[in-house]
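Coordinates from upload38.csv are shown below (CSV, C-alpha atoms).
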chain,number,residue,atom,x,y,z
A,1,MET,CA,0.0,0.0,0.0
A,2,ILE,CA,1.2,3.5,-0.7
A,3,ALA,CA,1.9,6.1,2.0
A,4,HIS,CA,-0.8,8.7,1.2
A,5,SER,CA,-4.6,8.5,1.1
A,6,LEU,CA,-7.1,9.4,-1.5
A,7,THR,CA,-8.3,12.3,0.6
A,8,GLN,CA,-5.0,14.0,0.3
A,9,GLU,CA,-4.9,13.6,-3.4
A,10,LEU,CA,-8.4,14.9,-3.8
A,11,GLU,CA,-7.4,18.1,-2.0
A,12,GLN,CA,-4.1,18.4,-4.0
A,13,ARG,CA,-5.9,18.1,-7.3
A,14,GLY,CA,-8.8,20.5,-6.5
A,15,ILE,CA,-11.6,17.9,-6.7
A,16,SER,CA,-14.6,19.1,-4.9
A,17,ARG,CA,-16.4,17.1,-2.2
A,18,ARG,CA,-19.5,17.3,-4.3
A,19,ASP,CA,-17.8,15.7,-7.3
A,20,PHE,CA,-16.4,13.0,-5.2
A,21,LEU,CA,-19.8,12.1,-3.6
A,22,GLY,CA,-21.3,12.1,-7.1
A,23,PHE,CA,-18.7,9.5,-8.1
A,24,CYS,CA,-19.6,7.4,-5.0
A,25,ALA,CA,-23.3,7.7,-5.8
A,26,SER,CA,-22.7,6.4,-9.4
A,27,MET,CA,-20.7,3.5,-8.0
A,28,ALA,CA,-23.5,2.6,-5.6
A,29,ALA,CA,-25.8,2.6,-8.7
A,30,VAL,CA,-23.5,0.3,-10.6
A,31,LEU,CA,-23.3,-2.1,-7.7
A,32,GLY,CA,-27.1,-2.1,-7.3
A,33,LEU,CA,-26.9,-0.6,-3.8
A,34,PRO,CA,-29.3,2.0,-2.4
A,35,GLU,CA,-28.4,5.7,-2.7
A,36,THR,CA,-27.6,5.8,1.0
A,37,ALA,CA,-24.6,3.5,0.3
A,38,ALA,CA,-22.8,6.4,-1.3
A,39,GLN,CA,-21.7,7.7,2.1
A,40,ALA,CA,-20.4,4.3,3.2
A,41,ILE,CA,-18.4,4.1,-0.1
A,42,ALA,CA,-17.0,7.5,0.4
A,43,ALA,CA,-16.0,6.8,4.0
A,44,ALA,CA,-14.3,3.5,3.0
A,45,ILE,CA,-12.4,5.1,0.0
A,46,GLU,CA,-11.2,8.0,2.1
A,47,SER,CA,-10.0,5.9,5.0
A,48,GLU,CA,-8.2,3.3,2.8
A,49,GLN,CA,-4.9,3.7,1.1
A,50,LYS,CA,-5.0,2.8,-2.5
A,51,PRO,CA,-4.4,-0.9,-3.5
A,52,ILE,CA,-1.3,-1.8,-5.4
A,53,LEU,CA,-2.2,-2.9,-8.9
A,54,VAL,CA,-0.2,-4.3,-11.7
A,55,TRP,CA,-1.8,-4.5,-15.2
A,56,LEU,CA,-0.4,-7.2,-17.5
A,57,GLU,CA,-1.0,-7.3,-21.2
A,58,PHE,CA,-0.6,-10.5,-23.3
A,59,GLN,CA,-2.5,-11.5,-26.4
A,60,ASP,CA,-4.7,-8.5,-26.7
A,61,CYS,CA,-5.7,-5.4,-28.7
A,62,ALA,CA,-5.5,-3.0,-25.7
A,63,GLY,CA,-9.2,-2.4,-26.0
A,64,ASN,CA,-9.7,-2.8,-22.3
A,65,THR,CA,-7.1,-0.2,-21.6
A,66,GLU,CA,-8.7,2.1,-24.1
A,67,SER,CA,-12.1,1.5,-22.4
A,68,PHE,CA,-10.6,2.2,-18.9
A,69,LEU,CA,-9.1,5.5,-20.2
A,70,ARG,CA,-12.6,6.6,-21.1
A,71,ALA,CA,-14.2,6.0,-17.7
A,72,SER,CA,-17.2,8.3,-16.9
A,73,HIS,CA,-15.4,9.8,-13.9
A,74,PRO,CA,-11.8,9.8,-15.1
A,75,THR,CA,-10.4,12.1,-12.4
A,76,VAL,CA,-11.7,10.2,-9.4
A,77,ALA,CA,-11.3,6.8,-11.1
A,78,ASP,CA,-7.7,7.6,-12.0
A,79,LEU,CA,-7.0,8.5,-8.4
A,80,ILE,CA,-8.3,5.1,-7.2
A,81,LEU,CA,-6.5,3.1,-9.9
A,82,ASP,CA,-3.6,5.4,-10.5
A,83,ASN,CA,-1.1,2.9,-9.3
A,84,ILE,CA,-1.4,0.9,-12.5
A,85,SER,CA,0.8,3.5,-14.1
A,86,LEU,CA,3.0,4.0,-11.1
A,87,ASN,CA,3.7,0.3,-10.7
A,88,TYR,CA,3.3,-1.4,-14.0
A,89,HIS,CA,1.2,-1.0,-17.1
A,90,GLU,CA,3.0,-1.3,-20.5
A,91,THR,CA,0.6,1.0,-22.3
A,92,LEU,CA,0.3,3.8,-19.7
A,93,MET,CA,3.6,3.8,-17.7
A,94,ALA,CA,6.4,6.2,-18.6
A,95,ALA,CA,9.1,3.6,-18.1
A,96,ALA,CA,10.1,1.2,-20.8
A,97,GLY,CA,12.4,-1.7,-21.4
A,98,SER,CA,14.5,-3.0,-18.5
A,99,GLN,CA,13.4,-0.1,-16.3
A,100,ALA,CA,9.7,-1.1,-16.7
A,101,GLU,CA,10.5,-4.8,-16.0
A,102,SER,CA,12.5,-3.8,-12.9
A,103,ALA,CA,9.5,-1.8,-11.6
A,104,LEU,CA,7.3,-4.9,-12.0
A,105,GLU,CA,9.9,-7.2,-10.3
A,106,GLN,CA,10.2,-4.8,-7.3
A,107,THR,CA,6.5,-4.4,-6.9
A,108,VAL,CA,5.9,-8.1,-6.9
A,109,ARG,CA,8.9,-8.8,-4.6
A,110,ASP,CA,8.1,-6.1,-2.0
A,111,ASN,CA,4.3,-6.7,-1.9
A,112,LYS,CA,3.9,-10.4,-2.4
A,113,GLY,CA,0.4,-11.5,-1.5
A,114,LYS,CA,-0.8,-7.9,-1.2
A,115,TYR,CA,-1.1,-6.6,-4.7
A,116,ILE,CA,-3.9,-7.1,-7.2
A,117,ALA,CA,-3.0,-8.4,-10.7
A,118,LEU,CA,-5.1,-7.3,-13.7
A,119,VAL,CA,-4.6,-9.3,-16.8
A,120,GLU,CA,-5.7,-8.2,-20.3
A,121,GLY,CA,-5.5,-10.6,-23.2
A,122,SER,CA,-5.3,-14.4,-23.5
A,123,ILE,CA,-2.2,-16.3,-22.7
A,124,PRO,CA,-0.7,-18.3,-25.6
A,125,THR,CA,0.9,-21.6,-24.8
A,126,GLY,CA,1.9,-22.8,-28.3
A,127,ALA,CA,5.6,-22.9,-29.5
A,128,ASP,CA,6.6,-23.0,-25.8
A,129,GLY,CA,5.1,-19.6,-25.3
A,130,ALA,CA,7.0,-17.9,-28.1
A,131,TYR,CA,3.8,-16.2,-29.5
A,132,CYS,CA,4.0,-13.7,-26.6
A,133,THR,CA,7.3,-12.8,-25.0
A,134,ILE,CA,8.1,-9.7,-22.8
A,135,GLY,CA,11.6,-9.0,-21.6
A,136,GLY,CA,12.7,-12.4,-22.9
A,137,ARG,CA,10.1,-14.3,-20.9
A,138,SER,CA,7.0,-16.0,-22.2
A,139,GLY,CA,3.6,-14.6,-21.2
A,140,LEU,CA,2.8,-17.9,-19.6
A,141,ASP,CA,5.8,-17.7,-17.2
A,142,ILE,CA,5.0,-14.1,-16.3
A,143,ALA,CA,1.3,-14.8,-15.7
A,144,ARG,CA,2.1,-17.8,-13.5
A,145,GLU,CA,4.6,-15.8,-11.4
A,146,ILE,CA,2.6,-12.5,-11.1
A,147,CYS,CA,-0.9,-14.0,-10.7
A,148,GLY,CA,0.5,-16.7,-8.4
A,149,GLY,CA,1.8,-14.1,-5.9
A,150,ALA,CA,-1.2,-11.8,-6.1
A,151,ALA,CA,-3.9,-11.3,-3.4
A,152,ALA,CA,-6.4,-11.4,-6.3
A,153,THR,CA,-6.4,-11.6,-10.1
A,154,ILE,CA,-8.9,-9.8,-12.2
A,155,ALA,CA,-9.2,-11.1,-15.8
A,156,VAL,CA,-10.2,-7.9,-17.7
A,157,GLY,CA,-12.0,-8.6,-21.0
A,158,THR,CA,-13.2,-11.7,-22.7
A,159,CYS,CA,-9.7,-12.7,-24.0
A,160,ALA,CA,-8.4,-12.9,-20.4
A,161,ALA,CA,-11.6,-14.3,-18.9
A,162,PHE,CA,-12.4,-17.0,-21.5
A,163,GLY,CA,-9.7,-16.9,-24.2
A,164,GLY,CA,-11.7,-14.6,-26.5
A,165,ILE,CA,-10.9,-14.2,-30.2
A,166,PRO,CA,-7.4,-15.6,-30.0
A,167,ALA,CA,-8.8,-18.9,-28.6
A,168,ALA,CA,-11.5,-19.2,-31.3
A,169,ARG,CA,-11.2,-22.2,-33.7
A,170,PRO,CA,-8.6,-23.3,-34.8
A,171,ASN,CA,-6.7,-21.5,-32.0
A,172,PRO,CA,-3.3,-21.6,-33.7
A,173,THR,CA,-1.4,-20.1,-30.8
A,174,GLY,CA,-2.9,-22.3,-28.1
A,175,ALA,CA,-4.4,-19.3,-26.4
A,176,LEU,CA,-5.9,-19.9,-22.9
A,177,SER,CA,-7.8,-17.9,-20.4
A,178,VAL,CA,-6.2,-16.9,-17.1
A,179,ALA,CA,-8.1,-19.7,-15.3
A,180,ASP,CA,-6.8,-22.3,-17.7
A,181,ALA,CA,-3.3,-21.0,-17.9
A,182,VAL,CA,-2.8,-20.4,-14.2
A,183,PRO,CA,-5.0,-23.1,-12.5
A,184,GLY,CA,-5.8,-22.6,-8.9
A,185,VAL,CA,-5.1,-18.9,-8.9
A,186,LYS,CA,-6.3,-17.1,-5.8
A,187,ASN,CA,-9.4,-15.0,-5.9
A,188,LEU,CA,-9.9,-15.0,-9.6
A,189,ILE,CA,-12.6,-12.6,-10.9
A,190,ASN,CA,-13.6,-12.5,-14.6
A,191,MET,CA,-14.7,-9.2,-16.0
A,192,SER,CA,-15.6,-10.4,-19.5
A,193,ALA,CA,-16.8,-8.3,-22.5
A,194,CYS,CA,-15.0,-7.0,-25.5
A,195,PRO,CA,-14.0,-4.7,-24.0
A,196,ALA,CA,-14.9,-4.7,-20.3
A,197,ASN,CA,-16.8,-1.6,-19.2
A,198,ALA,CA,-14.6,0.7,-17.2
A,199,GLU,CA,-17.5,1.5,-14.8
A,200,ASN,CA,-17.6,-2.1,-13.8
A,201,ILE,CA,-13.8,-2.4,-13.3
A,202,VAL,CA,-13.8,0.7,-11.0
A,203,ALA,CA,-16.9,-0.5,-9.2
A,204,LEU,CA,-15.3,-3.9,-8.5
A,205,ILE,CA,-12.3,-2.1,-6.8
A,206,VAL,CA,-14.7,0.2,-4.9
A,207,TYR,CA,-16.7,-2.8,-3.7
A,208,TYR,CA,-13.5,-4.4,-2.3
A,209,LEU,CA,-12.4,-1.2,-0.6
A,210,THR,CA,-15.8,-0.7,0.9
A,211,LEU,CA,-16.7,-4.2,2.1
A,212,LYS,CA,-13.2,-5.7,2.5
A,213,HIS,CA,-14.1,-8.7,0.4
A,214,TRP,CA,-14.9,-9.6,-3.2
A,215,PRO,CA,-18.4,-9.7,-4.5
A,216,PRO,CA,-20.6,-12.8,-5.1
A,217,LEU,CA,-19.8,-14.4,-8.5
A,218,ASP,CA,-21.7,-16.4,-11.1
A,219,GLN,CA,-20.7,-19.8,-12.4
A,220,TYR,CA,-18.1,-18.2,-14.7
A,221,ARG,CA,-16.6,-16.2,-11.8
A,222,ARG,CA,-18.1,-12.9,-12.9
A,223,PRO,CA,-19.5,-10.5,-10.3
A,224,LEU,CA,-23.2,-10.7,-10.0
A,225,PHE,CA,-23.6,-6.9,-9.8
A,226,ALA,CA,-22.5,-6.7,-13.4
A,227,TYR,CA,-23.5,-10.1,-14.8
A,228,GLY,CA,-26.4,-11.2,-12.7
A,229,LYS,CA,-29.0,-10.5,-15.4
A,230,THR,CA,-29.1,-10.9,-19.2
A,231,ILE,CA,-29.0,-8.1,-21.6
A,232,HIS,CA,-32.6,-9.1,-22.5
A,233,ASP,CA,-33.8,-8.6,-18.9
A,234,ASN,CA,-33.1,-4.9,-19.0
A,235,CYS,CA,-33.2,-4.1,-22.7
A,236,GLU,CA,-35.1,-1.0,-23.7
A,237,ARG,CA,-36.5,-2.9,-26.7
A,238,ARG,CA,-37.9,-5.7,-24.5
A,239,ALA,CA,-41.5,-4.4,-24.7
A,240,HIS,CA,-41.3,-4.8,-28.5
A,241,PHE,CA,-40.1,-8.4,-28.1
A,242,ASP,CA,-43.0,-9.2,-25.8
A,243,ALA,CA,-45.4,-7.6,-28.4
A,244,GLY,CA,-43.9,-9.6,-31.3
A,245,GLN,CA,-42.5,-6.4,-33.0
A,246,TYR,CA,-39.2,-7.2,-34.7
A,247,VAL,CA,-36.9,-5.6,-37.1
A,248,GLU,CA,-37.0,-7.6,-40.3
A,249,THR,CA,-34.5,-5.7,-42.5
A,250,TRP,CA,-31.8,-3.2,-41.7
A,251,GLY,CA,-33.2,0.3,-42.1
A,252,ASP,CA,-36.9,-0.7,-42.3
A,253,GLU,CA,-39.6,1.2,-40.4
A,254,ALA,CA,-39.4,-1.2,-37.5
A,255,HIS,CA,-35.7,-0.5,-37.2
A,256,ARG,CA,-36.2,3.2,-37.3
A,257,HIS,CA,-38.9,2.9,-34.5
A,258,GLY,CA,-36.6,0.9,-32.2
A,259,TYR,CA,-38.2,-2.5,-32.5
A,260,CYS,CA,-36.6,-5.7,-31.2
A,261,LEU,CA,-33.4,-6.8,-33.0
A,262,TYR,CA,-33.6,-10.5,-32.1
A,263,LYS,CA,-34.3,-11.6,-35.6
A,264,MET,CA,-31.4,-9.6,-36.9
A,265,GLY,CA,-29.0,-11.7,-34.7
A,266,CYS,CA,-29.2,-10.0,-31.3
A,267,LYS,CA,-27.7,-12.4,-28.7
A,268,GLY,CA,-29.1,-10.4,-25.7
A,269,PRO,CA,-31.2,-13.3,-24.4
A,270,ALA,CA,-28.1,-15.5,-24.1
A,271,THR,CA,-25.7,-12.8,-22.8
A,272,SER,CA,-25.3,-11.7,-19.2
A,273,GLN,CA,-24.1,-8.1,-18.6
A,274,ASN,CA,-25.4,-4.8,-17.4
A,275,CYS,CA,-24.8,-2.9,-20.6
A,276,PRO,CA,-28.4,-1.6,-20.7
A,277,VAL,CA,-28.0,0.0,-17.2
A,278,VAL,CA,-24.4,1.3,-17.2
A,279,LYS,CA,-24.2,1.9,-21.0
A,280,TRP,CA,-21.0,3.4,-22.5
A,281,ASN,CA,-19.3,6.8,-23.1
A,282,GLU,CA,-20.4,8.4,-19.9
A,283,GLY,CA,-23.8,6.6,-20.0
A,284,THR,CA,-24.6,8.2,-23.4
A,285,ASN,CA,-25.7,5.0,-25.2
A,286,TRP,CA,-24.9,1.4,-25.9
A,287,PRO,CA,-24.9,-0.9,-29.0
A,288,ILE,CA,-28.6,-1.9,-29.0
A,289,GLY,CA,-29.6,1.7,-28.3
A,290,CYS,CA,-27.7,2.6,-31.4
A,291,GLY,CA,-29.6,0.0,-33.4
A,292,HIS,CA,-27.0,-2.7,-33.5
A,293,PRO,CA,-27.7,-6.2,-32.0
A,294,CYS,CA,-25.7,-7.6,-29.1
A,295,VAL,CA,-23.0,-10.0,-30.3
A,296,GLY,CA,-22.7,-11.8,-26.9
A,297,CYS,CA,-19.1,-10.7,-26.4
A,298,ALA,CA,-19.3,-11.2,-22.6
A,299,GLU,CA,-19.9,-15.0,-22.9
A,300,PRO,CA,-17.5,-17.9,-23.1
A,301,ASN,CA,-16.5,-18.9,-26.7
A,302,PHE,CA,-18.6,-16.1,-28.1
A,303,TRP,CA,-16.7,-15.9,-31.4
A,304,ASP,CA,-17.5,-19.6,-32.1
A,305,ALA,CA,-20.9,-19.9,-30.3
A,306,MET,CA,-22.5,-16.6,-31.3
A,307,THR,CA,-21.6,-16.4,-35.0
A,308,PRO,CA,-23.0,-15.6,-37.6
A,309,PHE,CA,-23.6,-12.4,-35.7
A,310,TYR,CA,-26.4,-11.2,-37.9
A,311,GLN,CA,-28.4,-14.3,-37.9
A,312,ARG,CA,-30.5,-15.3,-34.9
A,313,LEU,CA,-29.6,-18.5,-33.1
A,314,PRO,CA,-32.2,-21.2,-33.6
A,315,ASN,CA,-32.1,-22.3,-30.0
A,316,VAL,CA,-30.7,-19.8,-27.4
A,317,ASP,CA,-29.4,-21.6,-24.4
A,318,GLY,CA,-31.5,-20.7,-21.4
A,319,PHE,CA,-34.1,-18.8,-23.4
A,320,ASN,CA,-36.7,-20.8,-25.2
A,321,VAL,CA,-37.8,-18.4,-28.0
A,322,GLY,CA,-36.4,-20.1,-31.1
A,323,GLY,CA,-39.5,-22.2,-31.7
A,324,TRP,CA,-42.1,-19.5,-31.7
A,325,VAL,CA,-40.4,-16.3,-32.7
A,326,ASP,CA,-41.3,-16.5,-36.4
A,327,PRO,CA,-45.0,-16.0,-36.3
A,328,VAL,CA,-44.8,-12.3,-35.6
A,329,GLY,CA,-47.5,-9.6,-36.1
A,330,LEU,CA,-51.1,-10.5,-35.4
A,331,GLY,CA,-50.4,-14.1,-34.4
A,332,LEU,CA,-48.0,-13.2,-31.6
A,333,THR,CA,-49.9,-10.1,-30.7
A,334,GLY,CA,-52.9,-12.4,-30.3
A,335,LEU,CA,-51.0,-14.5,-27.9
A,336,VAL,CA,-50.0,-11.5,-25.9
A,337,ALA,CA,-53.6,-10.3,-25.9
A,338,ALA,CA,-54.9,-13.7,-24.9
A,339,ALA,CA,-52.4,-13.8,-22.0
A,340,ALA,CA,-53.6,-10.4,-20.9
A,341,ALA,CA,-57.2,-11.5,-21.1
A,342,LEU,CA,-56.4,-14.6,-19.0
A,343,HIS,CA,-54.6,-12.5,-16.5
A,344,GLY,CA,-57.7,-10.2,-16.3
A,345,VAL,CA,-60.0,-13.2,-15.8
A,346,GLY,CA,-57.7,-14.5,-13.1
A,347,GLU,CA,-57.8,-11.1,-11.3
A,348,VAL,CA,-61.6,-11.1,-11.5
A,349,VAL,CA,-61.8,-14.6,-10.1
A,350,ARG,CA,-59.4,-13.8,-7.3
A,351,HIS,CA,-61.3,-10.6,-6.5
A,352,ARG,CA,-64.6,-12.4,-6.3
A,353,ILE,CA,-63.2,-15.2,-4.1
A,354,GLY,CA,-61.6,-12.7,-1.9
A,355,SER,CA,-64.8,-10.7,-1.7
A,356,ALA,CA,-66.9,-13.7,-0.8
A,357,SER,CA,-64.4,-14.7,1.9
A,358,SER,CA,-64.5,-11.2,3.3
A,359,HIS,CA,-68.2,-11.2,3.4
A,360,GLU,CA,-68.3,-14.5,5.2
A,361,ASP,CA,-65.9,-13.0,7.7
A,362,GLY,CA,-68.2,-10.0,8.2
A,363,LEU,CA,-65.8,-7.6,6.3
A,364,GLU,CA,-66.7,-5.1,3.6
A,365,THR,CA,-64.7,-4.9,0.3
A,366,GLU,CA,-64.8,-2.4,-2.4
Just dump the structure as structure tokens.
Amino acid sequence: MIAHSLTQELEQRGISRRDFLGFCASMAAVLGLPETAAQAIAAAIESEQKPILVWLEFQDCAGNTESFLRASHPTVADLILDNISLNYHETLMAAAGSQAESALEQTVRDNKGKYIALVEGSIPTGADGAYCTIGGRSGLDIAREICGGAAATIAVGTCAAFGGIPAARPNPTGALSVADAVPGVKNLINMSACPANAENIVALIVYYLTLKHWPPLDQYRRPLFAYGKTIHDNCERRAHFDAGQYVETWGDEAHRHGYCLYKMGCKGPATSQNCPVVKWNEGTNWPIGCGHPCVGCAEPNFWDAMTPFYQRLPNVDGFNVGGWVDPVGLGLTGLVAAAAALHGVGEVVRHRIGSASSHEDGLETE
């Protein structure tokens, strides 16, 4: 841990208390916590010294780094995660060559079991690791050493979490996820997506600083606050899906009116992430909001499992819509209307039963 606190840096950089509390409130929203949690988050961040982070890049496009640099609250987020440039991050740090590698070695040696490792990119194992070498060492060797000595490892992006595009068939480099390349790594958390949303990365660190433990995870070791619901659950076009209103052709009237993109290949029903809630570019928009279907980039093997991207999957795992999605228009609208009618009949029946029971008990009902 470094010797000065976040509070001191806030004062030195002229960040107002109001701006800081606004950041804490946004983190509470991302974490699904009540508004009152913002004060607890602020207190925890102010009282804690910043965690020591090292950010490793292997078989990647640096998209997650680019995403992080565009966080909605860059000033405060940078303060919390600033150590990635002070300790080790190939893209952001000023040092280069042997000086950079010496900084990594010293950080790991002096803080064994205390630092947090963030890994971006898959880890190639083919040709004895020659497909990715840094400072004369293979990515596999580096990952095993750094992640093996970390208090926790965060796999940032789908390539690190699940192998991503490099691991897609035929996987010529033998690319692996962090979990597969470094089996048994302590406190592994997968922040999948291509790229991972910076808001979720920062929220994960804030969660740890506030509650002193890592959040609950799903079956793929992803935090439930960001991956606990499918895209489809919170999609702004969900009402059109329920009404059987689908885009049939790019640019048609249904597309212009924001109808459901499922028939155009949207993988939202099979993809878990909070994109509809957090969105991108300071909460401005997100792919489906812009008229583009979800490609399922947060899921394992998405490049193989979700393609062709612009054709709907005949059977979406966990979401049984493939068999009845074709009869759109009046047919499906009729089903929705029938369901509504049945719901109405049920309510009338329940009301009458409840009314009869109340009268028998000597109670009046409206």
Mind pulling up the distance from atom CA of A:Val178 to atom CA of A:Ser122?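 These atoms are spaced 6.9 Å apart.
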Between A:Phe162, A:Tyr310, A:Phe241, A:Phe58, which is the closest to A:Ala193 once you count only C-alpha atoms? A:Phe162
Taking all atoms listed in the file into account, which of A:Thr230, A:Thr307, A:Thr284, A:Asn200 comes nearest A:Ala270?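 Closest candidate: A:Thr230.
Among the candidates A:Ala175, A:Cys235, A:Ala243, A:Ala198, the one nearest to A:Trp280 when counting only C-alpha atoms is A:Ala198.
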Looking at only C-alpha atoms, which of A:Asn234, A:Ile189, A:Ala62, A:Gln39 is the one that sits closest to A:Ala25? A:Gln39
Enter the distance from atom CA of A:Cys132 to atom CA of A:Thr153, in Å, rounded to one decimal. 19.6 Å
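Each of A:Gly14, A:Gly291, A:Pro51, A:Gly139 was checked against A:Tyr208 using all atoms listed in the file; the smallest atom-to-atom distance is that of A:Pro51.
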Measuring atom to atom with all atoms listed in the file, identify which of A:Gly135, A:Thr158, A:Asp141, A:Leu118 is nearest to A:Gly97.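 With all atoms listed in the file as the atom set, the closest residue is A:Gly135.
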Can you measure atom CA of A:Thr125 to atom CA of A:Leu176 for me? One decimal in Å is fine.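 One can read the atom CA of A:Thr125 to atom CA of A:Leu176 distance as 7.3 Å.
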Write out, as a tab-separated table, each residue of stretch 54-166 of chain A that has an atom at most 9 Å from stretch 293-304 of chain A, together with the closest pair of atoms and their distance in Å to one decimal, counting all atoms listed in the file, rows going by chain and rising number.
residue	atom	partner	partner_atom	distance
A:Gly157	CA	A:Ala298	CA	7.9
A:Thr158	CA	A:Ala298	CA	6.1
A:Ala161	CA	A:Pro300	CA	8.1
A:Phe162	CA	A:Pro300	CA	5.4
A:Gly163	CA	A:Asn301	CA	7.5
A:Gly164	CA	A:Asn301	CA	6.4
A:Ile165	CA	A:Trp303	CA	6.2
Output stretch 292-311 of chain A with N, CA and C atoms present, as an mmCIF file, keeping the file's coordinate frame.
data_model
loop_
_atom_site.group_PDB
_atom_site.id
_atom_site.type_symbol
_atom_site.label_atom_id
_atom_site.label_comp_id
_atom_site.auth_asym_id
_atom_site.auth_seq_id
_atom_site.Cartn_x
_atom_site.Cartn_y
_atom_site.Cartn_z
ATOM 1 N N HIS A 292 -27.774 -1.563 -33.108
ATOM 2 C CA HIS A 292 -27.000 -2.700 -33.500
ATOM 3 C C HIS A 292 -27.221 -3.862 -32.491
ATOM 4 N N PRO A 293 -27.375 -5.081 -32.961
ATOM 5 C CA PRO A 293 -27.700 -6.200 -32.000
ATOM 6 C C PRO A 293 -26.462 -6.524 -31.163
ATOM 7 N N CYS A 294 -26.755 -7.062 -29.991
ATOM 8 C CA CYS A 294 -25.700 -7.600 -29.100
ATOM 9 C C CYS A 294 -25.075 -8.797 -29.769
ATOM 10 N N VAL A 295 -23.733 -8.892 -29.721
ATOM 11 C CA VAL A 295 -23.000 -10.000 -30.300
ATOM 12 C C VAL A 295 -22.634 -11.059 -29.256
ATOM 13 N N GLY A 296 -23.001 -10.818 -27.999
ATOM 14 C CA GLY A 296 -22.700 -11.800 -26.900
ATOM 15 C C GLY A 296 -21.270 -11.834 -26.519
ATOM 16 N N CYS A 297 -20.565 -10.700 -26.596
ATOM 17 C CA CYS A 297 -19.100 -10.700 -26.400
ATOM 18 C C CYS A 297 -18.704 -11.004 -24.945
ATOM 19 N N ALA A 298 -19.636 -10.971 -23.997
ATOM 20 C CA ALA A 298 -19.300 -11.200 -22.600
ATOM 21 C C ALA A 298 -19.349 -12.719 -22.252
ATOM 22 N N GLU A 299 -19.737 -13.560 -23.211
ATOM 23 C CA GLU A 299 -19.900 -15.000 -22.900
ATOM 24 C C GLU A 299 -18.737 -15.826 -23.362
ATOM 25 N N PRO A 300 -18.551 -16.993 -22.733
ATOM 26 C CA PRO A 300 -17.500 -17.900 -23.100
ATOM 27 C C PRO A 300 -17.633 -18.324 -24.595
ATOM 28 N N ASN A 301 -16.528 -18.425 -25.302
ATOM 29 C CA ASN A 301 -16.500 -18.900 -26.700
ATOM 30 C C ASN A 301 -17.445 -18.132 -27.605
ATOM 31 N N PHE A 302 -17.599 -16.818 -27.344
ATOM 32 C CA PHE A 302 -18.600 -16.100 -28.100
ATOM 33 C C PHE A 302 -18.318 -16.035 -29.589
ATOM 34 N N TRP A 303 -17.048 -16.024 -29.979
ATOM 35 C CA TRP A 303 -16.700 -15.900 -31.400
ATOM 36 C C TRP A 303 -17.190 -17.174 -32.156
ATOM 37 N N ASP A 304 -17.085 -18.317 -31.511
ATOM 38 C CA ASP A 304 -17.500 -19.600 -32.100
ATOM 39 C C ASP A 304 -19.017 -19.804 -31.904
ATOM 40 N N ALA A 305 -19.483 -19.519 -30.685
ATOM 41 C CA ALA A 305 -20.900 -19.900 -30.300
ATOM 42 C C ALA A 305 -21.895 -18.897 -30.826
ATOM 43 N N MET A 306 -21.542 -17.641 -30.983
ATOM 44 C CA MET A 306 -22.500 -16.600 -31.300
ATOM 45 C C MET A 306 -22.553 -16.246 -32.805
ATOM 46 N N THR A 307 -21.642 -16.762 -33.589
ATOM 47 C CA THR A 307 -21.600 -16.400 -35.000
ATOM 48 C C THR A 307 -22.553 -17.401 -35.775
ATOM 49 N N PRO A 308 -23.092 -16.955 -36.940
ATOM 50 C CA PRO A 308 -23.000 -15.600 -37.600
ATOM 51 C C PRO A 308 -23.682 -14.568 -36.707
ATOM 52 N N PHE A 309 -23.046 -13.420 -36.566
ATOM 53 C CA PHE A 309 -23.600 -12.400 -35.700
ATOM 54 C C PHE A 309 -24.893 -11.817 -36.124
ATOM 55 N N TYR A 310 -25.135 -11.807 -37.436
ATOM 56 C CA TYR A 310 -26.400 -11.200 -37.900
ATOM 57 C C TYR A 310 -27.432 -12.180 -38.316
ATOM 58 N N GLN A 311 -27.347 -13.350 -37.730
ATOM 59 C CA GLN A 311 -28.400 -14.300 -37.900
ATOM 60 C C GLN A 311 -28.814 -14.789 -36.471
#
